[in-house]
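Peer 1: Input: one structure, supplied below.
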Amino acid sequence: MDAALRPPPDLPPLLAGYRPPPGASDELLDPQGRVRPVWRGLLAHLAGLDVADLAARFHRGDQYLRDAGVFFRAISENGSAERDWPFSHIPVLIDETDWAQIGVGLIQRADLLERVMADLYGPARLIAQGHLPPALVAENPEWLRPMVGVAPRGGHYLHFLAFEIGRGPDGTWWVLGDRTQAPSGAGFALENRVATTRVFSEFYPGARVQRLAGFFGAFRQALMDLRAEPDSRVGILTPGPLTDTYFEHAYIARYLGFMLLQGEDLTVEGGRLMVRTVAGLRPISVLWRRLDAAWADPLELDPASRLGTPGLIGALRQGSVTMVNALGSGVLETRALLAFLPAIARAMTGQDLILPNIATWWCGQAAERKHVAAHPERMVVSPALSTRQPFDEATVPLDPEDPGLGAWLARQGPRLVAQEAVTLSTTPAQIEGRLVPRPMSLRVFLLRTAQGWQIMPGGFARIGRTADPTAIAMQKGGAAADVWIVSDRPVATPTLLPATTAPYQRPRPGVLPSRAADNLFWLGRYVERAEGTMRLLRARNARLAEAGEGAAPLFAVVDPLLAGQGVDPAEGIPQGLLDTLGRATASAGQVRDRFSPDGWSALADLDKTAHRFATRVSPGDDAARALGKLLRKLSGFAGLVQDNMYRFLGWRFLELGRYIERAGAAAQWLAILADPDAPEGALDLAVEVGDSVMTHRRRFALTTSRDTVVDLLALDPANPRAIRFQVEGIHDQMRHLPGVDQDGPPADLHRAVLRLQTRLATSTPASLTTEVLWDTAARVAGLSDRLTEAWLR
């Protein structure tokens with residue numbers, strides 16, 4: 001029998017004692033305490049699992065999220081830090097018939113918000129006719145005066161919306177808040193779905209749960225259809241890695257195949273929005289904005305912004321770009337607007353809202369203040385112009401015994417909004433090995449297509465960790481659960497793959513923004529720098545363990561090399577090495593949309609392990625063994641990059657960074673360790689640092705001389721550690737870069753590489769003196785500067 005059609009089971013042991021709080025509705029149990037039909041199949045499945053089996057399945061979902069690197073940024077008074085995604089393992093189940101009714105109400109609301117937006121930035125009839133107080137608009141920081149009269153190129157202000165909804169005690173769904181500025185959470189909903197299917201891998205395929213891929217496929221096509229020309233591009237504008245939802249920005253960009261851009265990636269030329277790429281400026285005509293509007297254009301909005309693009313509003317006025325959603329749409333999130341939307345709906349459409357708001361009163365009007373003062377026990381107050389979600393900020397309950405309440409409301413009224421205290425419905429959540437009822441709200445997403453609004457068949461639910469409904473926000477310890485829309489018939493299984501009968505054509509590689517190329521280049525440099533530092537430190541610590549102070553002459557030449565990199569050799573795992581790994585991780589974080597989850601996890605694990613070793617490793621043998629472990633982890637990361645990374649332009653800049661860093665570092669330590677006046681043991685140390693001990697023994701038997709070491713580590717084109725090998729690698733990668741055969745900085749770099757390549761190809765160990773090696777290091781450093789001038793500015 002199909003899993004979704006099994007008869008109602010007895011409550012499984014993990015639901016023993018499941019009791020929703022008085023006065024609240026529950027998603028699992030109906031008002032009579034019976035299991036709702038939509039939950040019966042899942043409960044039957046749970047009833048067949050023992051506690052250990054269920055715990056293992058929950059762990060499987062958690063492990064997937066860790067392996068995928070899913071995180072959110074927790075923000076506190078002490079700063080911000082990445083935290084594991086707070087996953088609630090039990091999904092919220094809703095019958096598709098109920099979901100369809102929710103969809104009808106939200107589509108009506110989306111159409112209404114579009115009309116309100118058009119009015120606020122157009123004729124302003126709502127204010128002229130008394131439907132909205134002028135102060136709520138004119139004093140609202142989210143109402144952007146420069147956008148007045150700027151009609152959207154595609155004809156619509158709103159393209160992607162989210163709504164926070166909750167179920168009240170009588171079972172009615174209410175809208176708690178509208179998210180119109182830059183709605184977040186759709187990417188997290190996808191990852192929640194994948195994690196939940198890992199938990200319920202046997203049950204899910206037959207559970208008739210509507211899939212999410214079709215929604216994202218429709219959204220991708222809708223954005224593509226908004227392009228001004230077929231060769232223009234779609235981008236996702238992010239504030240960058242320090243925003244709390246950056247993982248989602250990178251994930252959704254990778255999933256949909258769009259560029260992830262920051263404000264500095266863009267420029268306006270001749271009224272057109274352009275992307276700075278390594279191949280020059282390229283047009284972009286659709287921008288999905290994940291950045292608050294006030295930061296978007298420092299010329300016309302907030303001049304302190306370092307996140308936006310000067311001239312962006314000018315491009316919008318020219319009609320050269322479509323913004324998803326329009327700048328200024330954050331005004332629709334204003335909490336006080338909820339007090340007026342029911343009447344606005346009747347005025348603009350002649351209809352009542354199908355899904356009502358949470359009851360709201362703006363205290364700037366005498367009648368509303370009187371009502372609030374007469375019913376203080378049912379009210380909470382908050383800032384009228386706040387755009388934060390309910391439960392994301394503190395609200396203040398009113399004191400019925402306060403004799404000065406009326407006077408306070410009169411003084412502060414225009415700044416305040418009162419809302420009816422909400423009793424949210426509950427849903428099962430795993431808490432300490434049991435399933436208990438916890439308050440929840442749903443975030444539901446809508447997208448605009450050519451056929452109209454389309455609702456995501458799911459979303460994500462915010463689940464409280466305690467029975468307190470104000471603690472469902474993730475910044476306050478809440479969790480997120482998948483939402484299953486369950487059908488009574490088989491469901492389609494759409495994918496993002498195009499349905500076409502035309503012959504397959506391989507798509508052209510996308511453009512590479514200069515900022516992304518720069519971060520990949522420096523990622524390569526920092527990873528290579530970390531490896532070189534580890535090898536030098538391991539060799540030093542091994543000699544400290546073997547010879548102690550007897551190795552002091554050797555340390556006298558090695559330690560300045562380390563000091564030049566900010567590394568204190570007296571530390572087991574020096575802070576300078578940790579700093580280099582941190583820079584590598586930061587560079588990778590800037591291009592996370594271009595990184596595989598495995599590559600990111602390997603790099604993050606290396607950084608985490610190094611920090612753990614730093615607290616417990618002492619110089620000498622202990623440090624040498626720890627550094628060996630770090631080198632093996634670093635080799636694992638390098639192997640992932642080599643084996644799995646597509647050979648697009650970004651990979652070439654990553655390789656160029658590695659080649660330049662390795663060549664420059666090798667020239668420096670060879671100049672010191674192969675100097676005729678270097679202390680005894682320096683040549684053996686050079687071979688070890690160059691990771692060529694076995695090769696040297698095989699080629700030169702037991703003979704170690706300056707000639708053999710310099711030949712192997714500087715001039716041998718077959719040794720992947722040799723300077724010549726790196727320079728030839730630089731030349732090979734450069735052949736694939738745009739503009740290298742044209743006059744200007746790329747051609748200058750090409751000639752400099754050829755000169756260095758010729759020098760090394762015609763040198764002998766004897767001619768490669770200490771002075772020539774130092775000059776080679778300087779020339780390699782010059783290559784980095786020329787490369788930056790040619791492609792990374």
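If you're wondering about the labels, chains in the structure tokens are A, B, ... by order shown, residues count from 1 in each chain, ligands from 1 in order shown.
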May I have all residues of region 305-449 of chain A that DSSP, computed from the backbone, assigns to strand (DSSP E or B), given as a ChimeraX atom specification?

Peer 2: /A:322-324,357,360-362,379-383,396-397,416-420,426-431,434-449

Peer 1: Give the helix (DSSP H, G or I) residues of region 599-658 of chain A, as DSSP finds them on the backbone, and put them as a PyMOL selection string.

Peer 2: chain A and resi 599-614+621-644+649-658

Peer 1: Considering only C-alpha atoms, state which residue in the set A:Val558, A:Leu749, A:Leu29, A:Met259 is at the smallest distance from Val275 (chain A).

Peer 2: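 Ranked by minimum distance to Val275 (chain A), first place goes to A:Met259.
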
Peer 1: Find the residues near Trp791 (chain A): any atom within 12 Å, counting only C-alpha atoms, skip ones fewer than 3 places away on the same chain, and give them as a VMD selection string.

Peer 2: chain A and resid 276 to 281 512 to 518 521 649 to 650 653 734 737 to 740 744 to 747 749 784 to 788

Peer 1: Go ahead and save the picked residues with C-alpha atoms, as a tab-separated table (two decimals), in the first residue's frame.

Peer 2:
chain	number	residue	atom	x	y	z
A	276	ARG	CA	33.44	43.99	-14.98
A	277	THR	CA	34.90	40.75	-16.32
A	278	VAL	CA	38.38	39.56	-17.23
A	279	ALA	CA	37.31	39.95	-20.87
A	280	GLY	CA	36.08	43.52	-20.41
A	281	LEU	CA	32.66	45.01	-19.69
A	512	LEU	CA	34.15	35.59	-15.13
A	513	PRO	CA	33.86	38.80	-13.07
A	514	SER	CA	37.24	40.36	-12.35
A	515	ARG	CA	36.58	40.25	-8.58
A	516	ALA	CA	35.96	36.50	-8.74
A	517	ALA	CA	39.15	36.01	-10.78
A	518	ASP	CA	41.08	38.07	-8.24
A	521	PHE	CA	44.08	33.98	-7.97
A	649	LEU	CA	38.84	30.78	-16.69
A	650	GLY	CA	38.45	30.78	-12.93
A	653	PHE	CA	43.53	32.13	-12.40
A	734	MET	CA	48.15	32.57	-20.08
A	737	LEU	CA	43.28	34.17	-21.18
A	738	PRO	CA	41.37	36.84	-23.11
A	739	GLY	CA	43.34	39.56	-24.90
A	740	VAL	CA	46.76	38.02	-24.40
A	744	GLY	CA	48.49	46.51	-23.73
A	745	PRO	CA	49.01	45.00	-20.26
A	746	PRO	CA	48.22	41.36	-21.28
A	747	ALA	CA	50.84	41.46	-24.03
A	749	LEU	CA	52.85	40.24	-19.21
A	784	SER	CA	51.81	39.14	-10.27
A	785	ASP	CA	51.64	42.91	-10.56
A	786	ARG	CA	51.37	42.77	-14.35
A	787	LEU	CA	48.65	40.11	-14.18
A	788	THR	CA	46.64	42.27	-11.80

Peer 1: Could you state the separation of CA of Leu713 (chain A) and CA of Gly690 (chain A) in Å, given to one decimal place?

Peer 2: 6.9 Å
